[in-house]
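Participant: Input file: work.tsv. Contents: TSV, C-alpha atoms.
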```tsv
chain	number	residue	atom	x	y	z
A	1	SER	CA	-0.46	-1.96	20.93
A	2	LEU	CA	-1.17	1.70	21.69
A	3	MET	CA	0.72	1.45	24.99
A	4	ALA	CA	3.84	0.28	23.16
A	5	ALA	CA	3.56	2.87	20.41
A	6	PRO	CA	5.73	5.64	22.01
A	7	SER	CA	8.72	3.31	22.55
A	8	ASN	CA	8.33	1.86	19.05
A	9	LEU	CA	8.25	5.37	17.62
A	10	GLU	CA	11.47	6.25	19.42
A	11	ARG	CA	13.15	3.20	17.88
A	12	LEU	CA	12.02	4.28	14.40
A	13	TYR	CA	13.34	7.79	14.98
A	14	ASP	CA	16.71	6.36	16.06
A	15	PHE	CA	16.89	4.19	12.93
A	16	GLN	CA	16.29	7.06	10.47
A	17	HIS	CA	19.40	7.78	8.41
A	18	GLY	CA	20.97	11.13	7.68
A	19	ASP	CA	19.42	11.14	4.21
A	20	GLY	CA	15.93	10.83	5.71
A	21	GLY	CA	15.37	7.20	4.77
A	22	TRP	CA	15.40	3.82	6.48
A	23	GLY	CA	17.16	0.62	5.37
A	24	TRP	CA	16.41	-3.07	5.71
A	25	TRP	CA	18.70	-3.15	8.73
A	26	VAL	CA	19.87	-0.36	11.04
A	27	ASN	CA	23.20	0.05	9.24
A	28	SER	CA	22.12	-0.80	5.68
A	29	ARG	CA	21.66	1.77	2.94
A	30	SER	CA	18.35	3.64	2.82
A	31	ASN	CA	15.72	1.89	0.73
A	32	SER	CA	12.75	3.57	-0.97
A	33	SER	CA	10.26	0.79	-0.24
A	34	THR	CA	11.28	0.46	3.41
A	35	THR	CA	11.14	4.22	3.84
A	36	ALA	CA	7.64	4.30	2.34
A	37	TYR	CA	6.45	1.66	4.84
A	38	VAL	CA	7.87	3.62	7.78
A	39	LEU	CA	6.45	6.89	6.44
A	40	LEU	CA	3.01	5.31	6.11
A	41	ALA	CA	3.23	3.92	9.65
A	42	LEU	CA	4.29	7.25	11.13
A	43	TYR	CA	1.56	9.11	9.28
A	44	GLU	CA	-1.16	6.67	10.38
A	45	VAL	CA	0.08	6.86	13.98
A	46	GLN	CA	-0.04	10.65	13.77
A	47	GLN	CA	-3.64	10.43	12.50
A	48	GLN	CA	-4.47	8.42	15.63
A	49	GLY	CA	-3.35	11.28	17.86
A	50	PHE	CA	0.27	10.47	18.63
A	51	THR	CA	2.84	13.23	18.28
A	52	VAL	CA	5.27	12.63	15.42
A	53	PRO	CA	7.98	15.26	14.79
A	54	GLU	CA	7.24	17.06	11.55
A	55	GLN	CA	10.94	17.10	10.72
A	56	THR	CA	11.03	13.30	10.84
A	57	LEU	CA	8.07	13.06	8.45
A	58	GLN	CA	9.39	15.74	6.10
A	59	ARG	CA	12.82	14.17	5.80
A	60	ALA	CA	11.17	10.84	4.94
A	61	ILE	CA	8.91	12.53	2.37
A	62	ASP	CA	11.92	14.29	0.82
A	63	PHE	CA	13.79	10.99	0.52
A	64	ALA	CA	10.80	9.20	-1.04
A	65	GLN	CA	10.23	12.00	-3.56
A	66	ALA	CA	13.92	12.23	-4.48
A	67	ASN	CA	14.13	8.50	-5.20
A	68	LEU	CA	11.01	8.06	-7.33
A	69	VAL	CA	11.50	6.35	-10.68
A	70	THR	CA	9.25	7.07	-13.66
A	71	ILE	CA	7.58	4.05	-15.25
A	72	ARG	CA	9.26	2.99	-18.49
A	73	PRO	CA	8.65	0.12	-20.97
A	74	SER	CA	11.69	-1.86	-19.78
A	75	MET	CA	10.60	-1.79	-16.13
A	76	SER	CA	9.70	-5.08	-14.47
A	77	THR	CA	6.20	-5.53	-13.06
A	78	TRP	CA	7.53	-5.72	-9.50
A	79	GLN	CA	9.32	-2.39	-9.98
A	80	ALA	CA	6.18	-0.76	-11.36
A	81	ASN	CA	4.21	-2.16	-8.41
A	82	GLN	CA	6.80	-0.80	-5.99
A	83	GLN	CA	6.64	2.67	-7.54
A	84	THR	CA	2.85	2.55	-7.28
A	85	PHE	CA	3.13	1.78	-3.57
A	86	ILE	CA	5.49	4.70	-2.98
A	87	LEU	CA	3.20	7.04	-4.92
A	88	TYR	CA	0.26	5.75	-2.87
A	89	VAL	CA	2.10	6.56	0.37
A	90	LEU	CA	3.02	10.04	-0.87
A	91	ALA	CA	-0.59	10.70	-1.84
A	92	ARG	CA	-1.80	9.35	1.51
A	93	THR	CA	0.44	11.81	3.33
A	94	GLY	CA	-0.68	14.76	1.19
A	95	ASN	CA	2.43	14.86	-1.00
A	96	ALA	CA	1.18	13.37	-4.27
A	97	ASP	CA	3.29	13.33	-7.41
A	98	ILE	CA	0.40	13.78	-9.84
A	99	ALA	CA	2.47	13.52	-13.01
A	100	ARG	CA	4.05	10.17	-12.10
A	101	THR	CA	0.75	8.86	-10.77
A	102	GLU	CA	-0.83	9.69	-14.12
A	103	VAL	CA	1.91	7.78	-15.94
A	104	ILE	CA	1.14	4.74	-13.78
A	105	TYR	CA	-2.57	5.09	-14.53
A	106	ARG	CA	-2.00	5.23	-18.30
A	107	ASN	CA	0.14	2.09	-18.02
A	108	ARG	CA	-2.05	0.30	-15.47
A	109	ASP	CA	-2.16	-2.87	-17.57
A	110	ASP	CA	1.47	-3.31	-16.51
A	111	ILE	CA	0.80	-3.36	-12.76
A	112	SER	CA	-0.72	-6.03	-10.52
A	113	LEU	CA	-4.27	-5.97	-9.19
A	114	TYR	CA	-3.11	-4.99	-5.70
A	115	ALA	CA	-1.25	-2.02	-7.18
A	116	LYS	CA	-4.45	-0.97	-8.98
A	117	ALA	CA	-6.19	-0.94	-5.59
A	118	MET	CA	-3.46	1.30	-4.17
A	119	LEU	CA	-3.64	3.52	-7.25
A	120	ALA	CA	-7.40	3.94	-6.82
A	121	GLU	CA	-6.85	5.05	-3.23
A	122	ALA	CA	-4.07	7.40	-4.30
A	123	TYR	CA	-6.42	9.22	-6.65
A	124	SER	CA	-9.00	9.58	-3.90
A	125	TYR	CA	-6.38	11.39	-1.79
A	126	ILE	CA	-5.30	13.59	-4.69
A	127	ASP	CA	-8.85	14.83	-5.31
A	128	PRO	CA	-11.75	13.30	-3.36
A	129	LEU	CA	-14.29	15.01	-5.63
A	130	GLU	CA	-12.86	13.70	-8.93
A	131	THR	CA	-13.68	9.99	-8.97
A	132	THR	CA	-13.34	9.13	-12.67
A	133	ARG	CA	-10.01	7.33	-12.39
A	134	SER	CA	-10.68	5.65	-9.05
A	135	ASP	CA	-14.09	4.47	-10.29
A	136	THR	CA	-12.48	3.05	-13.43
A	137	LEU	CA	-9.90	1.18	-11.35
A	138	LEU	CA	-12.55	-0.20	-8.99
A	139	ASN	CA	-14.64	-1.38	-11.94
A	140	GLU	CA	-11.61	-3.16	-13.39
A	141	LEU	CA	-11.07	-4.84	-10.05
A	142	VAL	CA	-14.71	-5.93	-9.90
A	143	ASN	CA	-14.32	-7.49	-13.34
A	144	ALA	CA	-11.24	-9.38	-12.15
A	145	SER	CA	-12.87	-10.76	-8.99
A	146	VAL	CA	-13.19	-14.50	-8.38
A	147	VAL	CA	-16.40	-15.74	-6.78
A	148	SER	CA	-16.41	-19.05	-4.90
A	149	ALA	CA	-18.20	-20.76	-2.03
A	150	ALA	CA	-15.65	-19.14	0.31
A	151	GLY	CA	-16.54	-15.63	-0.82
A	152	ILE	CA	-14.90	-13.15	-3.20
A	153	HIS	CA	-11.16	-12.86	-3.75
A	154	TRP	CA	-8.57	-11.90	-6.37
A	155	GLU	CA	-5.89	-13.97	-8.07
A	156	GLU	CA	-2.81	-12.38	-9.62
A	157	ASP	CA	-1.34	-13.63	-12.89
A	158	TYR	CA	2.09	-12.39	-11.79
A	159	ASN	CA	3.93	-13.69	-8.72
A	160	ASP	CA	5.33	-10.53	-7.16
A	161	TYR	CA	7.53	-12.12	-4.52
A	162	TRP	CA	9.81	-9.07	-4.62
A	163	ASN	CA	7.06	-7.11	-2.84
A	164	TRP	CA	6.00	-10.11	-0.70
A	165	ASN	CA	2.63	-10.30	-2.40
A	166	THR	CA	0.16	-13.18	-2.30
A	167	ASP	CA	-3.41	-13.48	-3.54
A	168	THR	CA	-4.64	-13.07	0.04
A	169	ARG	CA	-2.61	-9.86	0.40
A	170	THR	CA	-4.09	-8.63	-2.89
A	171	THR	CA	-7.59	-9.42	-1.60
A	172	ALA	CA	-6.91	-7.47	1.61
A	173	LEU	CA	-5.67	-4.45	-0.34
A	174	VAL	CA	-8.69	-4.54	-2.64
A	175	LEU	CA	-10.97	-4.72	0.40
A	176	ASN	CA	-9.23	-1.66	1.82
A	177	ALA	CA	-9.84	0.24	-1.42
A	178	PHE	CA	-13.54	-0.63	-1.46
A	179	VAL	CA	-13.99	0.25	2.22
A	180	ARG	CA	-12.42	3.66	1.66
A	181	LEU	CA	-13.89	4.47	-1.76
A	182	ASN	CA	-17.17	2.55	-1.97
A	183	PRO	CA	-18.17	1.49	1.56
A	184	GLU	CA	-21.71	0.58	0.42
A	185	SER	CA	-20.44	-2.01	-2.08
A	186	ASP	CA	-22.25	-5.35	-1.97
A	187	LEU	CA	-18.88	-7.07	-2.46
A	188	ILE	CA	-17.49	-6.10	0.95
A	189	PRO	CA	-19.23	-8.75	3.13
A	190	ASN	CA	-18.11	-11.56	0.83
A	191	ILE	CA	-14.53	-10.24	0.68
A	192	VAL	CA	-14.47	-10.12	4.48
A	193	ARG	CA	-15.82	-13.67	4.62
A	194	TYR	CA	-13.08	-14.91	2.30
A	195	LEU	CA	-10.34	-13.22	4.35
A	196	MET	CA	-11.68	-14.67	7.59
A	197	ILE	CA	-11.70	-18.16	6.10
A	198	GLN	CA	-8.03	-17.72	5.13
A	199	ARG	CA	-7.06	-16.84	8.71
A	200	ARG	CA	-5.13	-19.42	10.72
A	201	ALA	CA	-5.85	-18.99	14.45
A	202	ASP	CA	-4.82	-15.38	15.13
A	203	HIS	CA	-2.90	-14.67	11.93
A	204	TRP	CA	-2.71	-15.22	8.19
A	205	GLU	CA	-0.03	-17.13	6.29
A	206	THR	CA	2.50	-14.29	6.00
A	207	SER	CA	3.21	-11.15	8.00
A	208	GLN	CA	2.27	-9.05	4.96
A	209	GLU	CA	-1.09	-10.83	4.68
A	210	THR	CA	-1.69	-10.33	8.38
A	211	ALA	CA	-0.75	-6.64	8.39
A	212	TRP	CA	-2.86	-5.63	5.41
A	213	SER	CA	-5.79	-7.85	6.42
A	214	VAL	CA	-5.87	-6.33	9.91
A	215	MET	CA	-5.70	-2.80	8.48
A	216	ALA	CA	-8.45	-3.46	5.93
A	217	LEU	CA	-10.72	-5.20	8.42
A	218	THR	CA	-10.14	-2.47	11.00
A	219	ASN	CA	-11.07	0.20	8.46
```
Will you turn the file into structure tokens for me?
Facilitator:
Amino acid sequence: SLMAAPSNLERLYDFQHGDGGWGWWVNSRSNSSTTAYVLLALYEVQQQGFTVPEQTLQRAIDFAQANLVTIRPSMSTWQANQQTFILYVLARTGNADIARTEVIYRNRDDISLYAKAMLAEAYSYIDPLETTRSDTLLNELVNASVVSAAGIHWEEDYNDYWNWNTDTRTTALVLNAFVRLNPESDLIPNIVRYLMIQRRADHWETSQETAWSVMALTN
């Protein structure tokens, strides 16, 4: 909640390591993916009007940039997806690595559908007026959509359990991309309908599904 945000922010500040990153646990080694999640959270909170120390953000950005890995043929799909997420967060915060993002785009057949959605958003943050790549990615996502009586959703052909992904999480991330990049899309109402049908009481099946669904639906 907004009332709890200041105390939660203080806890995150206390957990930041000397190298600028965060780990899975307070005393564990800094992790790029965890740091990207915290960086995204702090940035979004800042956009909502809360004060976040610039030094805290910059140290996190420096850590994320220093630990990027360039996509290579031997890289696993989950690793490529993870790098896409980190690049998405950097672009969201105004610190895009355009060269590495372009490498991901050229090798986009090697990433999951949810990563394509994040990549489309990343390009919109890099240059809102140049929509060629983001439009291409959205069109590829449209072509991969699954239409059923429950609405529209997406099904991955790769089980990315390393990044806690599910088809419902993918659908939420694709919804978020369409809401941000093509808010007039006719697909949106049917994607929302599908996500609402997947809800169980006040949550979805996993915490990742719940978090991304709430963010997408809120947007």
Participant: Could you work out how far CA of Asp14 (chain A) lies from CA of Gln46 (chain A), giving the answer in Å with one decimal?
Facilitator: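 So the two atoms, CA of Gln46 (chain A) and CA of Asp14 (chain A), lie 17.4 Å apart.
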Participant: Can you work out which one of A:Thr84, A:Asn176, A:Asn95, A:Asn139 has the shortest atom-to-atom distance to Val214 (chain A), counting all atoms listed in the file?
Facilitator: A:Asn176
Participant: For each of A:Leu90, A:Ile111, A:Ile188, A:Leu9, take the minimum atom-to-atom distance to Ser76 (chain A), counting all atoms listed in the file, then give the residue where this is smallest.
Facilitator: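 Of A:Leu90, A:Ile111, A:Ile188, A:Leu9, the one nearest Ser76 (chain A) is A:Ile111, counting all atoms listed in the file.
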Participant: Of the candidates A:Tyr114, A:Trp204, A:Tyr37, A:Tyr161, which shows the shortest atom-to-atom distance to Leu175 (chain A), using only C-alpha atoms?
Facilitator: A:Tyr114
Participant: Taking into account only C-alpha atoms, which residue in the set A:Ser74, A:Asn81, A:Thr166, A:Thr56 is nearest to Tyr13 (chain A)?
Facilitator: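 Distance minimum relative to Tyr13 (chain A) lands on A:Thr56.
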Participant: From the list A:Ala115, A:Asn163, A:Leu187, A:Tyr123, which residue is nearest Val142 (chain A) when using all atoms listed in the file?
Facilitator: A:Leu187
Participant: Any idea what's packed within 10 Å of Gln83 (chain A), counting all atoms listed in the file, ignoring anything in its chain fewer than 5 positions away? Could you give it as a list of chain:residue names?
Facilitator: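 Once the adjacent positions are removed, what remains is A:Ser32, A:Ser33, A:Asn67, A:Leu68, A:Val69, A:Thr70, A:Ile71, A:Thr77, A:Trp78, A:Tyr88, A:Val89, A:Arg100, A:Thr101, A:Ile104, A:Ile111, A:Ala115.
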Participant: Store the residues of this selection in a file with C-alpha atoms, as a PDB file, in the coordinates of the input.
Facilitator:
```
ATOM      1  CA  SER A  32      12.750   3.570  -0.970  1.00  0.00           C
ATOM      2  CA  SER A  33      10.260   0.790  -0.240  1.00  0.00           C
ATOM      3  CA  ASN A  67      14.130   8.500  -5.200  1.00  0.00           C
ATOM      4  CA  LEU A  68      11.010   8.060  -7.330  1.00  0.00           C
ATOM      5  CA  VAL A  69      11.500   6.350 -10.680  1.00  0.00           C
ATOM      6  CA  THR A  70       9.250   7.070 -13.660  1.00  0.00           C
ATOM      7  CA  ILE A  71       7.580   4.050 -15.250  1.00  0.00           C
ATOM      8  CA  THR A  77       6.200  -5.530 -13.060  1.00  0.00           C
ATOM      9  CA  TRP A  78       7.530  -5.720  -9.500  1.00  0.00           C
ATOM     10  CA  TYR A  88       0.260   5.750  -2.870  1.00  0.00           C
ATOM     11  CA  VAL A  89       2.100   6.560   0.370  1.00  0.00           C
ATOM     12  CA  ARG A 100       4.050  10.170 -12.100  1.00  0.00           C
ATOM     13  CA  THR A 101       0.750   8.860 -10.770  1.00  0.00           C
ATOM     14  CA  ILE A 104       1.140   4.740 -13.780  1.00  0.00           C
ATOM     15  CA  ILE A 111       0.800  -3.360 -12.760  1.00  0.00           C
ATOM     16  CA  ALA A 115      -1.250  -2.020  -7.180  1.00  0.00           C
TER      17      ALA A 115
END
```
Participant: So the first atom is CA of Leu129 (chain A) and the second is CA of Asn190 (chain A); what is the distance between them in Å, to one decimal place?
Facilitator: 27.6 Å
Participant: Can you list, as an MDAnalysis selection string, every protein, DNA or RNA residue that comes within 12 Å of Asp186 (chain A) when you count all atoms listed in the file, leaving out same-chain residues fewer than 4 positions away?
Facilitator: chainID A and resid 142 151:152 175 178:179 182 190:192
Participant: For C-alpha atoms, I'd like the residues from the last selection saved as an mmCIF file, in the frame of the given file.
Facilitator:
```cif
data_model
loop_
_atom_site.group_PDB
_atom_site.id
_atom_site.type_symbol
_atom_site.label_atom_id
_atom_site.label_comp_id
_atom_site.auth_asym_id
_atom_site.auth_seq_id
_atom_site.Cartn_x
_atom_site.Cartn_y
_atom_site.Cartn_z
ATOM 1 C CA VAL A 142 -14.710 -5.930 -9.900
ATOM 2 C CA GLY A 151 -16.540 -15.630 -0.820
ATOM 3 C CA ILE A 152 -14.900 -13.150 -3.200
ATOM 4 C CA LEU A 175 -10.970 -4.720 0.400
ATOM 5 C CA PHE A 178 -13.540 -0.630 -1.460
ATOM 6 C CA VAL A 179 -13.990 0.250 2.220
ATOM 7 C CA ASN A 182 -17.170 2.550 -1.970
ATOM 8 C CA ASN A 190 -18.110 -11.560 0.830
ATOM 9 C CA ILE A 191 -14.530 -10.240 0.680
ATOM 10 C CA VAL A 192 -14.470 -10.120 4.480
#
```
Participant: Could you give me region 105-124 of chain A completed to N, CA and C atoms, formatted as a CSV table (one decimal), in the frame of the given file?
Facilitator:
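Wrote it out as result.csv, contents follow:
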```
chain,number,residue,atom,x,y,z
A,105,TYR,N,-1.2,5.3,-14.1
A,105,TYR,CA,-2.6,5.1,-14.5
A,105,TYR,C,-2.7,4.8,-16.0
A,106,ARG,N,-2.0,5.5,-16.9
A,106,ARG,CA,-2.0,5.2,-18.3
A,106,ARG,C,-1.4,3.9,-18.7
A,107,ASN,N,-0.5,3.4,-17.8
A,107,ASN,CA,0.1,2.1,-18.0
A,107,ASN,C,-0.3,1.0,-17.0
A,108,ARG,N,-1.6,1.2,-16.5
A,108,ARG,CA,-2.0,0.3,-15.5
A,108,ARG,C,-2.2,-1.2,-15.9
A,109,ASP,N,-2.2,-1.5,-17.2
A,109,ASP,CA,-2.2,-2.9,-17.6
A,109,ASP,C,-0.8,-3.6,-17.2
A,110,ASP,N,0.2,-2.8,-16.8
A,110,ASP,CA,1.5,-3.3,-16.5
A,110,ASP,C,1.7,-3.5,-15.0
A,111,ILE,N,0.7,-3.2,-14.2
A,111,ILE,CA,0.8,-3.4,-12.8
A,111,ILE,C,-0.2,-4.5,-12.3
A,112,SER,N,0.1,-5.0,-11.1
A,112,SER,CA,-0.7,-6.0,-10.5
A,112,SER,C,-2.0,-5.5,-10.0
A,113,LEU,N,-3.0,-6.4,-9.7
A,113,LEU,CA,-4.3,-6.0,-9.2
A,113,LEU,C,-4.1,-5.2,-7.9
A,114,TYR,N,-3.2,-5.7,-7.0
A,114,TYR,CA,-3.1,-5.0,-5.7
A,114,TYR,C,-2.6,-3.6,-5.9
A,115,ALA,N,-1.7,-3.4,-6.9
A,115,ALA,CA,-1.2,-2.0,-7.2
A,115,ALA,C,-2.4,-1.1,-7.7
A,116,LYS,N,-3.3,-1.7,-8.5
A,116,LYS,CA,-4.4,-1.0,-9.0
A,116,LYS,C,-5.3,-0.5,-7.8
A,117,ALA,N,-5.4,-1.3,-6.8
A,117,ALA,CA,-6.2,-0.9,-5.6
A,117,ALA,C,-5.5,0.2,-4.9
A,118,MET,N,-4.2,0.2,-4.8
A,118,MET,CA,-3.5,1.3,-4.2
A,118,MET,C,-3.6,2.6,-5.0
A,119,LEU,N,-3.5,2.4,-6.3
A,119,LEU,CA,-3.6,3.5,-7.2
A,119,LEU,C,-5.0,4.2,-7.1
A,120,ALA,N,-6.1,3.4,-7.0
A,120,ALA,CA,-7.4,3.9,-6.8
A,120,ALA,C,-7.5,4.8,-5.6
A,121,GLU,N,-6.9,4.3,-4.5
A,121,GLU,CA,-6.8,5.0,-3.2
A,121,GLU,C,-6.0,6.3,-3.4
A,122,ALA,N,-4.9,6.2,-4.1
A,122,ALA,CA,-4.1,7.4,-4.3
A,122,ALA,C,-4.8,8.5,-5.0
A,123,TYR,N,-5.6,8.2,-6.0
A,123,TYR,CA,-6.4,9.2,-6.6
A,123,TYR,C,-7.5,9.8,-5.7
A,124,SER,N,-8.0,9.0,-4.8
A,124,SER,CA,-9.0,9.6,-3.9
A,124,SER,C,-8.4,10.6,-2.9
```
